[in-house]
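Enquirer: Please find one structure pasted underneath; my questions will follow.
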Amino acid sequence: MEIINLTYPLTKEVIDDNARPQVLAIGQFDGLHLGHASVIESAVRTAASLNLPAAVMTFHPHPKEVMKKGDYDGYLTPPREKERILKSLGVDYVYIVEFNDAFSRVSPQNFVAGVLVPLQIHTAVVGFDFRYGYRGEGDAGMLRELSDNTLEVHTVPPFLIEGEKVSSSGIRRALAEGEVQLAARWLGRRYSIYGTVMHGEKRGRQIGFPTANLKPDEHFVLPAKGVYAVRVNYEGQRLKGVMNVGVKPTFHNDKSAPSLEIHLFDFNGDLYGKSLSVELVEFIREERRFGSIDELVAQIGKDADTAKSMLLAAE
């Protein structure tokens with residue numbers, strides 16, 4: 001799979017290098033949930049039937065981050081994670097279009113005439129609610145018309161689970177409420193956060209529960225503050241543990257930025273500076289302040305036992 005970064009307007013060199021008949025799935029695709037996968041898989045199938053390469057066009061940074069509006073609070077799938085998943089779906093090319101203030105003002109006509117037509121897109125595959133161009137004025141029905149009928153367009157219907165439309169906003173709400181199993185059903189996989197282990201306050205080691213203080217490598221959406229049963233991928237190993245997301249109110253009164261601290265079961269290695277990928281398996285409880293260190297230690301022990309049972313049941 002080839003990654004191609006684009007900036008509008010496209011240069012002649014970029015067009016010469018990348019113009020080819022191809023089938024293109026277009027969308028933000030943050031989360032790459034089951035609804036997004038249905039759009040991309042449709043593009044891959046269509047490309048195979050036409051003997052053409054399958055491509056995806058996405059945008060970075062997130063338009064809501066640039067426009068400073070909506071429910072944007074980070075990425076469900078930052079670029080590296082998105083690229084990994086797209087490769088697994090059989091995509092040949094990924095176009096990452098720089099989304100900036102100037103691009104936000106590009107009209108639907110100029111997007112089609114200045115990007116899709118020069119790249120020789122044969123077929124565009126989009127979701128049923130696809131919008132594009134300045135103020136979202138363009139829709140799927142306009143793509144063929146704006147291309148002077150040179151562009152075929154396939155629109156994919158919504159992906160429903162139990163009658164409810166799968167959406168990125170719904171997954172964000174689920175994570176905000178600690179409903180990680182619902183998020184996993186809609187994503188088609190468990191929600192994961194990856195990052196690097198940094199030095200922390202080292203209180204966990206002092207109370208008998210050493211923790212890895214994880215600093216996310218990218219701007220991930222964080223789940224609700226609380227305690228979670230987790231699986232951790234570390235250098236090919238699949239480890240089990242319990243993670244606290246929060247501000248540690250037993251020790252802090254004024255901390256606002258949440259930290260991620262993971263206690264791994266049956267692991268004694270040095271993780272400082274190492275990369276971990278953490279899968280959220282199940283929510284255990286909300287974060288709360290304890291009246292004493294002894295009370296906190298007792299609860300951590302209970303949380304660890306609960307997490308072990310949950311992880312065993314999830315196998």
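Starting from 1 in every chain, residues are counted up; chains themselves are A, B, ... following the order of the structure tokens, and ligands are numbered from 1 as listed.
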Name all residues at most 12 Å from A:Glu145 (count only C-alpha atoms; drop same-chain ones fewer than 4 positions away) and give them as a list in words.
Expert: Pro108, Gln109, Val112, Ala113, Val117, Gly138, Asp139, Ala140, Gly141, Asn149, Thr150, Leu151, Glu152 and Val153 of chain A
Enquirer: Mind dumping the selected residues with C-alpha atoms as an mmCIF file, in the first residue's frame?
Expert:
data_model
loop_
_atom_site.group_PDB
_atom_site.id
_atom_site.type_symbol
_atom_site.label_atom_id
_atom_site.label_comp_id
_atom_site.auth_asym_id
_atom_site.auth_seq_id
_atom_site.Cartn_x
_atom_site.Cartn_y
_atom_site.Cartn_z
ATOM 1 C CA PRO A 108 -17.708 21.312 -4.366
ATOM 2 C CA GLN A 109 -17.114 22.206 -8.044
ATOM 3 C CA VAL A 112 -14.265 17.618 -8.173
ATOM 4 C CA ALA A 113 -12.617 19.557 -11.015
ATOM 5 C CA VAL A 117 -10.970 14.630 -12.317
ATOM 6 C CA GLY A 138 -21.734 19.044 -2.012
ATOM 7 C CA ASP A 139 -23.371 15.625 -1.738
ATOM 8 C CA ALA A 140 -22.974 12.277 -3.456
ATOM 9 C CA GLY A 141 -25.599 13.097 -6.062
ATOM 10 C CA ASN A 149 -20.565 12.715 -16.257
ATOM 11 C CA THR A 150 -17.042 11.272 -16.375
ATOM 12 C CA LEU A 151 -17.266 9.917 -12.818
ATOM 13 C CA GLU A 152 -19.238 6.863 -11.750
ATOM 14 C CA VAL A 153 -20.616 7.098 -8.212
#
Enquirer: What lies within 7 Å of A:Leu187 using only C-alpha atoms, ignoring chain neighbours under 3 positions off, as a list in words?
Expert: Gly31, Leu32, His33, Leu34, Ala183 and Ala184 of chain A
Enquirer: With only C-alpha atoms as the counted atoms, please give the residues lying no more than 10 Å from stretch 121-128 of chain A, apart from itself and same-chain residues fewer than 6 positions off, as an MDAnalysis selection string.
Expert: chainID A and resid 19:27 35:36 38:44 46:47 50 52 54:57 112 115 139:141 143:144 147 150:159
Enquirer: Find the residue from A:Leu276, A:Lys308, A:Phe29, A:Glu179 that sits nearest to A:Phe130; use only C-alpha atoms when measuring.
Expert: A:Phe29
Enquirer: Quick one: distance from atom CA of A:Phe283 to atom CA of A:Ile85 in Å, one decimal?
Expert: 24.7 Å
Enquirer: Step one, run DSSP on the backbone; step two, keep only residues of stretch 182-273 of chain A assigned to alpha helix (DSSP H); then write them as number ranges by chain.
Expert: A: 182-187, 203-206
Enquirer: Just give me the gap between atom CA of A:Asn5 and atom CA of A:Gln28 in Å, one decimal is fine.
Expert: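 Going from atom CA of A:Asn5 over to atom CA of A:Gln28, I get 14.5 Å.
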Enquirer: As an exercise, work out the distance from atom CA of A:Ile293 to atom CA of A:Leu260 in Å and give it to one decimal place.
Expert: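 Computing the Euclidean distance for atom CA of A:Ile293 and atom CA of A:Leu260 yields 19.4 Å.
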Enquirer: I want to know what sits within 12 Å of A:Asn268, based on only C-alpha atoms, with residues of the same chain fewer than 3 positions away left out; could you give that as a PyMOL selection string?
Expert: chain A and resi 205+209-212+239+263-265+271
Enquirer: Write the residues you've just listed into a file as a PDB file, in the first residue's frame, and include N, CA, C and O atoms for each of them.
Expert:
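out_20.pdb, written as the output of this step:
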ATOM      1  N   ARG A 205       4.508   1.622  42.685  1.00  0.00           N
ATOM      2  CA  ARG A 205       5.531   0.696  43.184  1.00  0.00           C
ATOM      3  C   ARG A 205       5.609   0.752  44.713  1.00  0.00           C
ATOM      4  O   ARG A 205       5.798  -0.260  45.380  1.00  0.00           O
ATOM      5  N   PHE A 209       1.762  -2.011  43.784  1.00  0.00           N
ATOM      6  CA  PHE A 209       1.153  -2.200  42.468  1.00  0.00           C
ATOM      7  C   PHE A 209       1.884  -1.322  41.454  1.00  0.00           C
ATOM      8  O   PHE A 209       1.401  -0.249  41.078  1.00  0.00           O
ATOM      9  N   PRO A 210       3.064  -1.754  40.995  1.00  0.00           N
ATOM     10  CA  PRO A 210       3.818  -0.927  40.036  1.00  0.00           C
ATOM     11  C   PRO A 210       3.018  -0.709  38.754  1.00  0.00           C
ATOM     12  O   PRO A 210       2.328  -1.621  38.281  1.00  0.00           O
ATOM     13  N   THR A 211       3.089   0.504  38.234  1.00  0.00           N
ATOM     14  CA  THR A 211       2.327   0.831  37.034  1.00  0.00           C
ATOM     15  C   THR A 211       3.218   1.408  35.953  1.00  0.00           C
ATOM     16  O   THR A 211       4.259   2.005  36.232  1.00  0.00           O
ATOM     17  N   ALA A 212       2.784   1.207  34.712  1.00  0.00           N
ATOM     18  CA  ALA A 212       3.420   1.834  33.552  1.00  0.00           C
ATOM     19  C   ALA A 212       2.622   3.085  33.219  1.00  0.00           C
ATOM     20  O   ALA A 212       1.414   3.008  32.961  1.00  0.00           O
ATOM     21  N   LEU A 239      -0.163  -9.268  27.048  1.00  0.00           N
ATOM     22  CA  LEU A 239      -0.179  -9.207  28.504  1.00  0.00           C
ATOM     23  C   LEU A 239      -1.550  -8.752  28.998  1.00  0.00           C
ATOM     24  O   LEU A 239      -2.281  -8.072  28.283  1.00  0.00           O
ATOM     25  N   HIS A 263      -1.284  -1.386  35.396  1.00  0.00           N
ATOM     26  CA  HIS A 263      -0.637  -2.409  36.218  1.00  0.00           C
ATOM     27  C   HIS A 263      -0.762  -3.732  35.474  1.00  0.00           C
ATOM     28  O   HIS A 263      -1.864  -4.215  35.209  1.00  0.00           O
ATOM     29  N   LEU A 264       0.367  -4.311  35.087  1.00  0.00           N
ATOM     30  CA  LEU A 264       0.388  -5.573  34.351  1.00  0.00           C
ATOM     31  C   LEU A 264       0.515  -6.734  35.321  1.00  0.00           C
ATOM     32  O   LEU A 264       1.300  -6.688  36.278  1.00  0.00           O
ATOM     33  N   PHE A 265      -0.230  -7.785  35.063  1.00  0.00           N
ATOM     34  CA  PHE A 265      -0.176  -8.973  35.905  1.00  0.00           C
ATOM     35  C   PHE A 265       1.015  -9.851  35.492  1.00  0.00           C
ATOM     36  O   PHE A 265       1.266 -10.048  34.302  1.00  0.00           O
ATOM     37  N   LEU A 271       9.896  -1.239  31.505  1.00  0.00           N
ATOM     38  CA  LEU A 271       9.140  -0.765  30.349  1.00  0.00           C
ATOM     39  C   LEU A 271       9.432   0.681  29.989  1.00  0.00           C
ATOM     40  O   LEU A 271       8.875   1.186  29.005  1.00  0.00           O
TER      41      LEU A 271
END
